[in-house]
Every structure is written in structure tokens, then in C-alpha cells.
>>> print(open('my_file_13.csv').read())   # CSV, C-alpha atoms
chain,number,residue,atom,x,y,z
Q,1,MET,CA,84.6,87.0,108.6
Q,2,PHE,CA,82.1,88.5,111.1
Q,3,THR,CA,80.3,85.2,111.6
Q,4,ASP,CA,79.0,86.5,114.9
Q,5,PHE,CA,77.3,89.5,113.2
Q,6,ASN,CA,73.6,89.2,112.4
Q,7,PRO,CA,72.6,92.3,110.4
Q,8,SER,CA,68.9,91.8,110.9
Q,9,GLU,CA,69.2,91.5,114.7
Q,10,GLU,CA,71.6,94.4,114.8
Q,11,ALA,CA,69.1,96.6,112.7
Q,12,SER,CA,66.3,95.8,115.2
Q,13,ARG,CA,68.5,96.6,118.2
Q,14,LEU,CA,69.7,99.9,116.7
Q,15,VAL,CA,66.2,101.0,115.8
Q,16,SER,CA,65.1,100.5,119.5
Q,17,TRP,CA,68.3,102.1,120.7
Q,18,LEU,CA,67.9,105.1,118.4
Q,19,LYS,CA,64.3,105.7,119.6
Q,20,GLU,CA,65.3,105.3,123.3
Q,21,SER,CA,68.4,107.6,122.9
Q,22,CYS,CA,66.8,110.3,120.9
Q,23,ILE,CA,63.4,110.6,122.6
Q,24,THR,CA,63.8,109.3,126.1
Q,25,LYS,CA,67.4,110.0,127.0
Q,26,LEU,CA,68.1,113.2,125.0
Q,27,LYS,CA,64.5,114.4,125.2
Q,28,ARG,CA,64.6,115.6,121.6
Q,29,ASP,CA,61.6,115.5,119.3
Q,30,GLY,CA,63.4,114.0,116.3
Q,31,GLY,CA,66.7,113.9,114.5
Q,32,VAL,CA,68.7,115.8,111.8
Q,33,ILE,CA,71.2,113.8,109.7
Q,34,GLY,CA,73.7,115.3,107.2
Q,35,VAL,CA,73.3,113.0,104.2
Q,36,SER,CA,76.0,112.9,101.6
Q,37,GLY,CA,74.8,110.2,99.3
Q,38,GLY,CA,77.3,107.8,100.8
Q,39,LEU,CA,76.7,104.4,102.5
Q,40,ASP,CA,77.0,105.5,106.1
Q,41,SER,CA,74.6,108.4,106.1
Q,42,ALA,CA,72.1,106.4,104.0
Q,43,THR,CA,72.2,103.6,106.5
Q,44,VAL,CA,71.8,105.9,109.4
Q,45,LEU,CA,68.9,107.7,107.7
Q,46,GLN,CA,67.1,104.5,107.0
Q,47,LEU,CA,67.6,103.4,110.7
Q,48,ALA,CA,66.4,106.8,111.9
Q,49,VAL,CA,63.2,106.7,109.8
Q,50,ASN,CA,62.5,103.2,111.1
Q,51,ALA,CA,63.0,104.3,114.6
Q,52,LEU,CA,61.5,107.8,114.7
Q,53,GLY,CA,59.2,107.9,111.7
Q,54,ALA,CA,59.7,109.9,108.6
Q,55,GLU,CA,57.9,113.0,110.0
Q,56,ARG,CA,60.6,113.3,112.8
Q,57,VAL,CA,63.6,113.1,110.6
Q,58,ILE,CA,65.3,116.0,108.6
Q,59,VAL,CA,67.8,115.3,105.9
Q,60,ALA,CA,70.3,118.1,105.6
Q,61,MET,CA,72.3,118.3,102.3
Q,62,LEU,CA,75.3,120.6,102.8
Q,63,PRO,CA,77.4,120.7,99.6
Q,64,ASP,CA,80.2,123.0,98.8
Q,65,ARG,CA,81.8,123.7,95.4
Q,66,ASP,CA,83.9,120.6,95.6
Q,67,SER,CA,81.1,118.2,96.3
Q,68,SER,CA,80.2,115.7,93.6
Q,69,PRO,CA,76.7,116.4,92.0
Q,70,ASP,CA,76.1,112.7,92.2
Q,71,SER,CA,76.2,113.0,96.0
Q,72,ALA,CA,73.3,115.4,96.0
Q,73,LYS,CA,71.2,113.4,93.6
Q,74,LEU,CA,71.6,110.2,95.6
Q,75,ALA,CA,70.8,112.0,98.8
Q,76,GLU,CA,67.7,113.6,97.3
Q,77,ASP,CA,66.5,110.3,95.8
Q,78,MET,CA,66.8,108.5,99.1
Q,79,ALA,CA,65.1,111.3,101.1
Q,80,SER,CA,62.3,111.4,98.5
Q,81,ARG,CA,61.8,107.6,98.6
Q,82,LEU,CA,61.5,107.7,102.4
Q,83,GLY,CA,59.3,110.8,102.5
Q,84,VAL,CA,61.5,112.8,104.8
Q,85,ARG,CA,61.8,116.6,104.7
Q,86,THR,CA,65.1,118.0,103.3
Q,87,VAL,CA,67.1,121.1,103.8
Q,88,THR,CA,69.8,122.1,101.4
Q,89,ARG,CA,72.4,124.7,102.3
Q,90,ASP,CA,75.3,125.4,100.0
Q,91,ILE,CA,78.2,126.1,102.4
Q,92,THR,CA,80.5,127.5,99.7
Q,93,PRO,CA,80.0,131.2,100.6
Q,94,ALA,CA,80.6,130.5,104.3
Q,95,LEU,CA,83.8,128.6,103.5
Q,96,GLY,CA,84.9,131.4,101.2
Q,97,GLY,CA,84.4,133.8,104.1
Q,98,PHE,CA,86.5,131.6,106.4
Q,99,GLY,CA,89.3,131.7,103.8
Q,100,CYS,CA,89.1,127.9,103.4
Q,101,TYR,CA,89.7,127.7,99.6
Q,102,ASP,CA,92.5,130.4,99.5
Q,103,ALA,CA,94.4,128.8,102.4
Q,104,ARG,CA,94.2,125.3,101.0
Q,105,ASP,CA,95.0,126.3,97.4
Q,106,ASN,CA,98.0,128.4,98.5
Q,107,ALA,CA,99.4,125.4,100.4
Q,108,VAL,CA,98.9,123.1,97.3
Q,109,LYS,CA,100.6,125.8,95.2
Q,110,GLN,CA,103.6,125.8,97.5
Q,111,ALA,CA,104.1,122.1,96.8
Q,112,VAL,CA,103.2,122.2,93.1
Q,113,PRO,CA,103.9,125.7,91.8
Q,114,ASP,CA,102.3,124.9,88.5
Q,115,PHE,CA,98.9,124.3,90.3
Q,116,ASP,CA,96.1,126.4,88.8
Q,117,PRO,CA,93.2,126.4,91.2
Q,118,VAL,CA,90.7,127.6,88.6
Q,119,HIS,CA,91.4,124.9,86.0
Q,120,ASP,CA,93.2,122.0,87.8
Q,121,LYS,CA,91.9,119.5,90.3
Q,122,PHE,CA,93.8,118.0,93.1
Q,123,LYS,CA,93.6,115.4,95.8
Q,124,ILE,CA,95.7,114.3,98.8
Q,125,VAL,CA,96.9,110.7,98.9
Q,126,LEU,CA,98.9,108.2,101.0
Q,127,PRO,CA,101.2,105.5,99.6
Q,128,GLN,CA,99.1,102.5,98.4
Q,129,ASN,CA,101.6,99.7,98.9
Q,130,LEU,CA,100.7,98.8,102.5
Q,131,LEU,CA,100.7,95.1,102.0
Q,132,GLU,CA,103.9,94.9,100.0
Q,133,GLU,CA,106.0,97.2,102.1
Q,134,ALA,CA,105.9,98.6,105.6
Q,135,SER,CA,105.6,102.1,104.1
Q,136,LEU,CA,104.9,105.0,106.5
Q,137,ASN,CA,102.1,107.5,106.1
Q,138,VAL,CA,103.5,110.5,104.2
Q,139,PHE,CA,101.0,112.6,102.4
Q,140,SER,CA,101.4,113.7,98.8
Q,141,ALA,CA,99.4,116.2,96.7
Q,142,VAL,CA,98.3,115.0,93.2
Q,143,VAL,CA,97.4,117.8,90.8
Q,144,ILE,CA,95.5,116.8,87.8
Q,145,LYS,CA,95.8,119.1,84.8
Q,146,PRO,CA,92.8,119.6,82.4
Q,147,ASP,CA,94.5,117.2,79.8
Q,148,GLY,CA,94.7,114.5,82.5
Q,149,LYS,CA,98.4,114.8,83.3
Q,150,GLU,CA,99.1,114.2,86.9
Q,151,ILE,CA,101.8,115.9,89.0
Q,152,ARG,CA,102.6,114.2,92.3
Q,153,ARG,CA,104.6,116.0,95.1
Q,154,ARG,CA,105.3,115.0,98.7
Q,155,LEU,CA,103.8,117.6,101.1
Q,156,SER,CA,105.8,119.2,103.9
Q,157,PRO,CA,104.3,119.1,107.4
Q,158,SER,CA,103.3,122.8,107.2
Q,159,GLN,CA,101.6,122.2,103.9
Q,160,VAL,CA,99.7,119.2,105.3
Q,161,ASN,CA,98.7,121.2,108.3
Q,162,GLU,CA,97.4,124.1,106.2
Q,163,ILE,CA,95.5,121.8,103.8
Q,164,VAL,CA,94.0,119.7,106.7
Q,165,ALA,CA,93.1,122.8,108.8
Q,166,ALA,CA,91.4,124.5,105.8
Q,167,SER,CA,89.6,121.3,104.7
Q,168,ASN,CA,88.3,120.7,108.3
Q,169,LEU,CA,86.5,124.0,108.0
Q,170,LYS,CA,84.1,122.1,105.8
Q,171,GLN,CA,83.1,119.6,108.4
Q,172,ARG,CA,82.9,122.2,111.0
Q,173,ALA,CA,80.7,124.5,108.9
Q,174,ARG,CA,78.4,121.4,108.3
Q,175,MET,CA,78.3,120.7,112.1
Q,176,MET,CA,77.2,124.3,112.8
Q,177,THR,CA,74.5,124.1,110.2
Q,178,LEU,CA,73.3,120.7,111.4
Q,179,TYR,CA,73.0,122.1,115.0
Q,180,HIS,CA,71.2,125.2,113.7
Q,181,GLU,CA,68.6,122.9,111.9
Q,182,ALA,CA,68.4,120.7,115.0
Q,183,GLU,CA,68.0,123.3,117.7
Q,184,ARG,CA,65.3,125.3,115.9
Q,185,ARG,CA,63.2,122.1,116.0
Q,186,ASN,CA,64.4,120.6,119.3
Q,187,TYR,CA,65.9,117.7,117.4
Q,188,ALA,CA,69.2,115.8,118.0
Q,189,VAL,CA,72.0,115.7,115.5
Q,190,ILE,CA,72.5,112.1,114.5
Q,191,GLY,CA,76.1,111.2,113.5
Q,192,THR,CA,77.1,108.8,110.7
Q,193,GLY,CA,80.6,107.8,111.7
Q,194,ASN,CA,81.6,104.1,111.7
Q,195,LYS,CA,84.2,102.2,113.7
Q,196,ASN,CA,86.9,102.6,111.0
Q,197,GLU,CA,86.5,106.4,111.0
Q,198,HIS,CA,86.3,106.7,114.8
Q,199,ASP,CA,89.0,104.3,115.9
Q,200,LEU,CA,91.5,105.2,113.3
Q,201,GLY,CA,90.9,109.0,113.5
Q,202,PHE,CA,89.3,109.6,110.1
Q,203,PHE,CA,87.0,112.3,111.3
Q,204,VAL,CA,87.1,116.0,112.3
Q,205,LYS,CA,87.0,116.8,116.0
Q,206,TYR,CA,84.0,119.1,116.5
Q,207,GLY,CA,83.2,118.6,112.8
Q,208,ASP,CA,81.6,115.4,111.7
Q,209,GLY,CA,82.6,114.1,115.2
Q,210,GLY,CA,80.4,116.8,116.7
Q,211,VAL,CA,77.1,115.1,117.1
Q,212,ASP,CA,74.6,113.9,119.8
Q,213,ILE,CA,74.4,110.2,119.0
Q,214,GLN,CA,76.4,107.8,116.9
Q,215,PRO,CA,74.4,104.7,116.0
Q,216,ILE,CA,76.9,102.9,113.8
Q,217,ARG,CA,80.2,104.0,115.5
Q,218,HIS,CA,80.8,100.4,116.7
Q,219,LEU,CA,80.5,98.9,113.3
Q,220,PHE,CA,83.2,98.1,110.8
Q,221,LYS,CA,82.5,99.5,107.3
Q,222,THR,CA,82.1,95.9,106.1
Q,223,GLN,CA,79.3,95.4,108.7
Q,224,VAL,CA,77.7,98.7,107.6
Q,225,TYR,CA,77.5,97.3,104.1
Q,226,ALA,CA,75.8,94.2,105.4
Q,227,LEU,CA,73.4,96.3,107.5
Q,228,ALA,CA,72.6,98.6,104.6
Q,229,LYS,CA,71.7,95.6,102.4
Q,230,CYS,CA,69.5,94.1,105.1
Q,231,ILE,CA,67.5,97.3,105.7
Q,232,GLY,CA,67.0,98.2,102.0
Q,233,VAL,CA,69.5,101.0,101.3
Q,234,PRO,CA,69.4,101.4,97.5
Q,235,ASP,CA,72.0,99.5,95.5
Q,236,ASP,CA,73.3,102.6,93.7
Q,237,ILE,CA,74.4,103.9,97.1
Q,238,ILE,CA,75.8,100.6,98.3
Q,239,GLN,CA,77.8,100.1,95.1
Q,240,ARG,CA,79.3,103.6,95.1
Q,241,PRO,CA,83.0,103.6,96.2
Q,242,PRO,CA,83.4,105.5,99.5
Q,243,THR,CA,84.9,108.9,98.7
Q,244,THR,CA,86.2,111.8,100.9
Q,245,ASP,CA,84.0,114.3,98.9
Q,246,THR,CA,86.4,116.9,100.3
Q,247,TYR,CA,88.9,117.7,97.5
Q,248,PRO,CA,88.2,118.9,93.9
Q,249,ALA,CA,89.4,115.6,92.4
Q,250,ASP,CA,87.6,112.4,93.2
Q,251,THR,CA,89.5,110.7,96.1
Q,252,THR,CA,88.6,107.3,97.4
Q,253,GLN,CA,88.9,106.8,101.2
Q,254,GLU,CA,91.2,104.0,100.4
Q,255,GLU,CA,93.8,106.2,98.6
Q,256,PHE,CA,93.3,109.1,101.1
Q,257,PHE,CA,93.5,107.2,104.4
Q,258,TYR,CA,92.8,103.5,104.7
Q,259,ARG,CA,95.3,102.1,102.1
Q,260,LEU,CA,93.5,98.8,101.7
Q,261,PRO,CA,90.1,97.5,100.5
Q,262,PHE,CA,87.7,97.5,103.5
Q,263,GLU,CA,87.1,93.8,103.3
Q,264,LEU,CA,90.7,93.0,103.9
Q,265,LEU,CA,91.4,95.8,106.4
Q,266,ASP,CA,88.3,94.9,108.5
Q,267,GLY,CA,88.9,91.2,108.3
Q,268,ILE,CA,92.5,91.5,109.6
Q,269,TRP,CA,91.5,94.1,112.2
Q,270,ASP,CA,88.6,92.0,113.5
Q,271,ALA,CA,90.7,88.9,113.7
Q,272,PHE,CA,93.5,90.9,115.5
Q,273,GLU,CA,90.9,92.2,118.0
Q,274,LYS,CA,89.8,88.6,118.6
Q,275,LYS,CA,93.4,87.8,119.6
Q,276,GLN,CA,94.1,85.6,116.6
Q,277,SER,CA,97.8,85.2,115.8
Q,278,SER,CA,99.4,86.8,112.8
Q,279,GLU,CA,100.1,83.3,111.4
Q,280,LYS,CA,96.4,82.3,111.6
Q,281,ILE,CA,95.2,85.6,110.1
Q,282,ALA,CA,97.8,85.3,107.3
Q,283,SER,CA,96.5,81.8,106.5
Q,284,SER,CA,92.8,82.9,106.5
Q,285,PHE,CA,93.5,85.7,104.1
Q,286,ASN,CA,96.1,84.0,102.0
Q,287,LEU,CA,98.7,86.6,103.0
Q,288,THR,CA,102.2,86.4,104.4
Q,289,VAL,CA,102.8,87.0,108.1
Q,290,GLU,CA,104.8,90.1,107.2
Q,291,GLN,CA,101.9,91.6,105.2
Q,292,VAL,CA,99.5,91.0,108.1
Q,293,ASN,CA,102.0,92.6,110.5
Q,294,ASN,CA,102.3,95.6,108.2
Q,295,VAL,CA,98.5,96.1,108.3
Q,296,ILE,CA,98.3,95.7,112.1
Q,297,ALA,CA,101.2,98.1,112.6
Q,298,ASP,CA,99.4,100.7,110.5
Q,299,ILE,CA,96.1,100.2,112.5
Q,300,GLN,CA,97.9,100.6,115.8
Q,301,ASN,CA,99.9,103.5,114.6
Q,302,LYS,CA,96.8,105.4,113.5
Q,303,GLN,CA,95.0,104.6,116.7
Q,304,ARG,CA,97.9,105.8,118.8
Q,305,THR,CA,98.6,109.0,116.8
Q,306,THR,CA,94.9,110.1,116.6
Q,307,GLU,CA,94.1,109.6,120.3
Q,308,TYR,CA,93.8,113.3,120.7
Q,309,LEU,CA,90.8,113.4,118.4
Q,310,ARG,CA,88.8,111.1,120.7
Q,311,LEU,CA,89.6,112.8,124.0
Q,312,SER,CA,87.1,115.1,125.7
Q,313,PRO,CA,88.6,118.4,126.8
Q,314,LEU,CA,91.1,117.8,129.6
Q,315,VAL,CA,90.3,119.2,133.0
Q,316,PRO,CA,92.7,119.6,136.0
X,1,MET,CA,129.1,116.9,103.6
X,2,PRO,CA,132.2,114.6,104.3
X,3,SER,CA,131.5,111.0,105.1
X,4,LEU,CA,130.4,110.3,108.6
X,5,THR,CA,131.0,107.4,110.9
X,6,ARG,CA,128.0,105.5,112.3
X,7,PRO,CA,128.5,107.0,115.8
X,8,GLU,CA,128.6,110.5,114.3
X,9,ILE,CA,125.4,109.8,112.3
X,10,ARG,CA,123.7,108.5,115.4
X,11,GLU,CA,124.8,111.5,117.5
X,12,GLN,CA,123.5,114.1,115.1
X,13,LEU,CA,120.3,112.2,114.6
X,14,VAL,CA,119.6,111.7,118.3
X,15,SER,CA,120.3,115.4,118.9
X,16,TYR,CA,117.8,116.4,116.2
X,17,LEU,CA,115.2,113.9,117.5
X,18,CYS,CA,115.6,115.2,121.1
X,19,GLU,CA,115.2,118.7,119.9
X,20,SER,CA,112.2,118.1,117.6
X,21,PHE,CA,110.1,115.5,119.5
X,22,PRO,CA,109.2,116.2,123.1
X,23,LEU,CA,108.4,112.6,123.7
X,24,PHE,CA,111.6,111.2,122.2
X,25,ASN,CA,113.4,109.1,124.8
X,26,PRO,CA,117.2,108.9,124.1
X,27,ALA,CA,117.6,106.3,126.8
X,28,ALA,CA,115.3,103.8,125.0
X,29,PRO,CA,116.9,101.0,122.9
X,30,ASP,CA,117.8,102.0,119.4
X,31,ASP,CA,115.3,99.5,117.9
X,32,THR,CA,112.3,101.2,119.7
X,33,PRO,CA,109.7,102.0,117.1
X,34,MET,CA,109.5,105.7,116.3
X,35,ALA,CA,105.8,105.6,117.0
X,36,GLU,CA,106.6,104.9,120.6
X,37,HIS,CA,108.7,108.1,120.7
X,38,GLY,CA,105.5,110.0,119.7
X,39,VAL,CA,106.4,110.3,116.0
X,40,ASP,CA,103.2,110.4,113.8
X,41,SER,CA,102.9,110.9,110.1
X,42,LEU,CA,103.7,114.5,110.2
X,43,GLY,CA,106.7,113.7,112.4
X,44,THR,CA,107.8,111.2,109.8
X,45,THR,CA,107.6,113.9,107.1
X,46,ASN,CA,109.6,116.2,109.4
X,47,ILE,CA,112.3,113.5,109.7
X,48,VAL,CA,112.4,113.0,105.9
X,49,VAL,CA,112.8,116.8,105.4
X,50,TYR,CA,115.6,116.9,108.0
X,51,LEU,CA,117.5,113.9,106.5
X,52,GLU,CA,117.3,115.4,103.0
X,53,GLN,CA,118.5,118.8,104.2
X,54,HIS,CA,121.0,117.8,106.9
X,55,PHE,CA,122.6,114.8,105.2
X,56,GLN,CA,122.1,116.1,101.7
X,57,ILE,CA,120.4,113.1,100.3
X,58,GLU,CA,117.3,112.7,98.2
X,59,ILE,CA,114.7,110.3,99.6
X,60,ASN,CA,112.1,108.7,97.3
X,61,ASP,CA,108.6,107.9,98.5
X,62,THR,CA,109.3,104.2,98.1
X,63,GLU,CA,112.1,104.5,100.6
X,64,ILE,CA,109.8,106.0,103.3
X,65,THR,CA,109.3,102.6,105.0
X,66,ARG,CA,109.5,101.2,108.5
X,67,ALA,CA,112.6,99.3,107.5
X,68,ASN,CA,114.4,102.6,106.7
X,69,LEU,CA,112.9,105.1,109.1
X,70,GLY,CA,111.1,103.1,111.7
X,71,SER,CA,113.6,103.4,114.6
X,72,VAL,CA,116.9,105.1,115.5
X,73,GLN,CA,118.8,101.9,114.4
X,74,SER,CA,117.1,101.7,111.0
X,75,LEU,CA,117.6,105.4,110.5
X,76,VAL,CA,121.3,105.1,111.2
X,77,ASN,CA,121.6,102.1,108.9
X,78,PHE,CA,119.7,104.0,106.1
X,79,ILE,CA,121.8,107.1,106.3
X,80,ASP,CA,125.0,105.1,106.6
X,81,LYS,CA,124.1,103.2,103.5
X,82,ARG,CA,123.1,106.3,101.5
X,83,LYS,CA,126.1,108.4,102.6
X,84,ASN,CA,128.9,105.8,102.7
X,85,ALA,CA,127.9,103.0,100.4
>>> encode(input="my_file_13.csv", output="C-alpha cells")
Amino acid sequence: MFTDFNPSEEASRLVSWLKESCITKLKRDGGVIGVSGGLDSATVLQLAVNALGAERVIVAMLPDRDSSPDSAKLAEDMASRLGVRTVTRDITPALGGFGCYDARDNAVKQAVPDFDPVHDKFKIVLPQNLLEEASLNVFSAVVIKPDGKEIRRRLSPSQVNEIVAASNLKQRARMMTLYHEAERRNYAVIGTGNKNEHDLGFFVKYGDGGVDIQPIRHLFKTQVYALAKCIGVPDDIIQRPPTTDTYPADTTQEEFFYRLPFELLDGIWDAFEKKQSSEKIASSFNLTVEQVNNVIADIQNKQRTTEYLRLSPLVP
Amino acid sequence: MPSLTRPEIREQLVSYLCESFPLFNPAAPDDTPMAEHGVDSLGTTNIVVYLEQHFQIEINDTEITRANLGSVQSLVNFIDKRKNA
């Protein structure tokens, strides 16, 4: 898989590109990065420091009440190791003002009347049997009671819309804060989205998608892992499972959106983009042709149904 | 609801799809994937809600598959099986 990808060469290319884009093209004096303690933001941070120098990079940590404390610790450790300045803004009060938590919790309560927002946790998940069945993407809420008991209910379209719209306020509040920190310094906002997020629509339009430059948008998550290892991102960040860090209960990106481990998803997707037949892909990954076709159908479906997110405003 | 013939199921279903999905093309072959009719994940959920309410059937998450709900043809087969088996 990715035999044509050389992480070391790619790192050098991206460092030059970042410097050229930020300083020469955008005419900014540096960059601001929202750092979550996850792999993508840590990788972009390391690249930005290599390109611009630590003194021209700001790490913004923008937790809300649902963020894992581990995220802040990992982000702080990395910023400290690199010697970059940090800004921390708790966006919980702003989100409370927007009505984010009330709207979201009320929608969950409609689906699971027994949900207690004060004591229970919840997450939103998709079916996980993508390889075994051509299951369609229907979201469910999983409420976790304090004793660990889980209640799972399928969400209606209006409940999904309420929860997504409320949750997207988080990414948009972060975008506003990043631009505030960037504009007061004449810096650019550097995005951390990868190819999986961008092409399959796992980002918020004008939220985490609202940035000036996107240095790793063309890279599969698996390639970001390889790049991260190559440029010295700490192991505790590389080994951490990617999470949404959006809902009160820990939710991996696999259970919320991708439905497959990245290695398998990216491998099948890359081979499909390189025009390999389903039969050949199935043989490479020790899968059946039907399983491969299920994965490809899910990729194409997500690309098709999220096209709106990638469009610029339409003009006549 | 009394048992329905397959043409009756299809007629009611297509009428609902035309009404609910602006991109639904009733002239397309019945095996056209629903995604090509502009049905996304929320659309699928809408269809599930409609089937449960209109045809008075209960649908488990494990039944929400392309084989059962992926096209007009598979939807008719699925409802026919659930209503008339």
C-alpha cells in the first residue's frame, strides 16, 4: 500500500510549500493552528514549525466541556516541546450562549427519554458491519448510564439534524476564535483536515473547513501516520485512537463515520482510485469481491452526498 | 393494513418518493440505486420512518441494508416479503 509515497520527501515538499504559501502567497507573518492533541493537528504543527520557525506559530487550544482532558495535555506537551506560544480559550460559555448544549441534549432526549444530560454520557454512531453487509448509513444515539448500561436508539432525521447543527457550533466557534487570534497578529489560519475528512465530508463547512491553507488535505490518514512518524511527532499522539472529541462519551472516528479501520479503508480507496479491479483489491486484502464493493459503494455514496460541503458559494 | 399486491406497494412507494425527494426520477429503472435519486443517509432514515408508519412494519437496524432499501425494486421486494410472507 502507498508504495509511491515517500514520507521524507513529502515532508520536505510540504515544509517548502507551507513557507511559500503562508509568507509569499498569503502575505501573512505566521500561522495559527487549532491543536487538539490528535494526529493531524500535531503533524501540521510540526510541519509549520519546520517551515516558519517556532516564533511564527501559535498553538490555539479551544476545549469545551465535552473535550477529553487528555487532549489538552497532549497538545500542551507538544507545544512546550516545540517552544511555540499557546493560547487557550474555553469555548463552553460561548456555546452555552448559542444554545448548543440545550438543543443537542433535547434532541437526544427525544430519542432516548431516559437520557439525563447531567449524569449520562452519549455518542452518535453508524452501523459497524460495513464489510459483512451493505448496510446503509443510519445514525443511532447511544446513551451510557453511570452504571455503564448502554441504551441505543435510532435517530429520526430531525433529531440527527438538531444534533449535527448544534454540534457544528463547536467547530464554528473554534473557527471564529482561530481567526481572531490570526488576524490580531497578521497570521494565517492553518487547517489540519486530511483527505479522508475532506473527500468524504467529515468536516464542518465554515467550521474546521474554514481555514486559509490545508497542508495535508491530499493525504490519506494512513499517509499522515507515516508522515508523523517521519517528522518526529510523539508516539503517545501517534498511538492514540482518532476520536471526534465532540460528544460527551468517547467516540472513535471509526464508529462515528468511517466504519472501518483506516488501514483497510485507505488501502481499498487508494487501489480503487488507481483503477484496480475489485477482484484484484479483494485478493490483495484477503477479502471477498462483495466486501470490497460494499466499501467502495460507501466511499462513493459519502462523496456524492457531501458534495455540498466542498462547494464554494454559488453565483449566477 | 390489508395485504397489498406488489404493483400496489410499488405505486404507493413511488408516490411517496416523488413527493419526498425532489431528485427522484420515476422514469428510471427500478434497480437504479437510491443514491442516484439523491437519497442520502438522512433520506434513508426518512424512508425507514415512512415504511414503518405507512406499512406498519418494524425495521431492525440490521435490515437497513442496500439489499433491502437500496432501490425501488429492493424496497418493493422487502415490503412484499414483510407484509405478505
>>> atom_distance(input="my_file_13.csv", atom1="CA of Ser21 in chain Q", atom2="CA of Phe220 in chain Q")
21.3 Å
>>> residues_around(input="my_file_13.csv", residues="Ala27 in chain X", least_positions_apart="2", cutoff="12 Å", atoms="all atoms listed in the file", output="list in words")
Val14, Cys18, Leu23, Phe24, Asn25, Pro29, Asp30, Asp31, Thr32, His37 and Val72 of chain X
>>> residues_around(input="my_file_13.csv", residues="range 64-78 of chain Q", least_positions_apart="4", cutoff="10 Å", atoms="all atoms listed in the file", output="count of residues only")
43
>>> closest_atom_pairs(input="my_file_13.csv", of="chain Q", to="chain X", cutoff="10 Å", atoms="only C-alpha atoms", output="Markdown table")
| residue | atom | partner | partner_atom | distance |
| --- | --- | --- | --- | --- |
| Q:Pro127 | CA | X:Asp61 | CA | 7.9 |
| Q:Asn129 | CA | X:Thr62 | CA | 9.0 |
| Q:Leu130 | CA | X:Thr65 | CA | 9.7 |
| Q:Glu133 | CA | X:Thr65 | CA | 7.0 |
| Q:Ala134 | CA | X:Thr65 | CA | 5.3 |
| Q:Ser135 | CA | X:Thr65 | CA | 3.8 |
| Q:Leu136 | CA | X:Thr65 | CA | 5.2 |
| Q:Asn137 | CA | X:Ser41 | CA | 5.3 |
| Q:Val138 | CA | X:Ser41 | CA | 5.9 |
| Q:Phe139 | CA | X:Ser41 | CA | 8.1 |
| Q:Ser140 | CA | X:Asp61 | CA | 9.3 |
| Q:Arg153 | CA | X:Asp61 | CA | 9.7 |
| Q:Arg154 | CA | X:Asp61 | CA | 7.8 |
| Q:Leu155 | CA | X:Thr45 | CA | 8.0 |
| Q:Ser156 | CA | X:Thr45 | CA | 6.4 |
| Q:Pro157 | CA | X:Leu42 | CA | 5.4 |
| Q:Ser158 | CA | X:Leu42 | CA | 8.8 |
| Q:Val160 | CA | X:Leu42 | CA | 7.9 |
| Q:Asn161 | CA | X:Leu42 | CA | 8.6 |
| Q:Asn294 | CA | X:Arg66 | CA | 9.1 |
| Q:Ala297 | CA | X:Arg66 | CA | 9.8 |
| Q:Gln300 | CA | X:Ala35 | CA | 9.4 |
| Q:Asn301 | CA | X:Ala35 | CA | 6.7 |
| Q:Lys302 | CA | X:Asp40 | CA | 8.1 |
| Q:Arg304 | CA | X:Ala35 | CA | 8.1 |
| Q:Thr305 | CA | X:Asp40 | CA | 5.7 |
| Q:Thr306 | CA | X:Asp40 | CA | 8.8 |
>>> atom_distance(input="my_file_13.csv", atom1="CA of Val289 in chain Q", atom2="CA of Glu263 in chain Q")
17.8 Å
>>> residues_around(input="my_file_13.csv", residues="Val164 in chain Q", least_positions_apart="6", cutoff="10 Å", atoms="all atoms listed in the file", output="list in words")
Arg104, Ile124, Ser158 and Val204 of chain Q
>>> atom_distance(input="my_file_13.csv", atom1="CA of Asn6 in chain Q", atom2="CA of Trp269 in chain Q")
18.6 Å
>>> decode(input="my_file_13.csv", residues="range 72-83 of chain Q", atoms="N, CA and C atoms", output="short mmCIF file (atom, residue, chain, number, x, y, z; two decimals), in the first residue's frame")
data_model
loop_
_atom_site.label_atom_id
_atom_site.label_comp_id
_atom_site.auth_asym_id
_atom_site.auth_seq_id
_atom_site.Cartn_x
_atom_site.Cartn_y
_atom_site.Cartn_z
N ALA Q 72 -5.98 18.15 25.89
CA ALA Q 72 -5.28 19.37 26.29
C ALA Q 72 -3.85 19.06 26.72
N LYS Q 73 -3.69 17.97 27.47
CA LYS Q 73 -2.36 17.62 27.98
C LYS Q 73 -1.40 17.30 26.82
N LEU Q 74 -1.90 16.51 25.86
CA LEU Q 74 -1.04 16.14 24.72
C LEU Q 74 -0.68 17.37 23.90
N ALA Q 75 -1.67 18.26 23.71
CA ALA Q 75 -1.43 19.48 22.93
C ALA Q 75 -0.42 20.38 23.64
N GLU Q 76 -0.58 20.52 24.95
CA GLU Q 76 0.34 21.37 25.73
C GLU Q 76 1.76 20.81 25.71
N ASP Q 77 1.86 19.49 25.86
CA ASP Q 77 3.19 18.86 25.87
C ASP Q 77 3.90 19.10 24.54
N MET Q 78 3.14 18.97 23.46
CA MET Q 78 3.76 19.11 22.14
C MET Q 78 4.18 20.57 21.90
N ALA Q 79 3.30 21.50 22.29
CA ALA Q 79 3.63 22.92 22.12
C ALA Q 79 4.87 23.28 22.93
N SER Q 80 4.92 22.76 24.15
CA SER Q 80 6.04 23.06 25.02
C SER Q 80 7.35 22.48 24.45
N ARG Q 81 7.26 21.25 23.93
CA ARG Q 81 8.45 20.60 23.37
C ARG Q 81 9.00 21.41 22.18
N LEU Q 82 8.06 21.99 21.41
CA LEU Q 82 8.49 22.72 20.21
C LEU Q 82 8.82 24.19 20.50
N GLY Q 83 8.47 24.64 21.71
CA GLY Q 83 8.76 26.03 22.08
C GLY Q 83 7.86 27.05 21.39
#
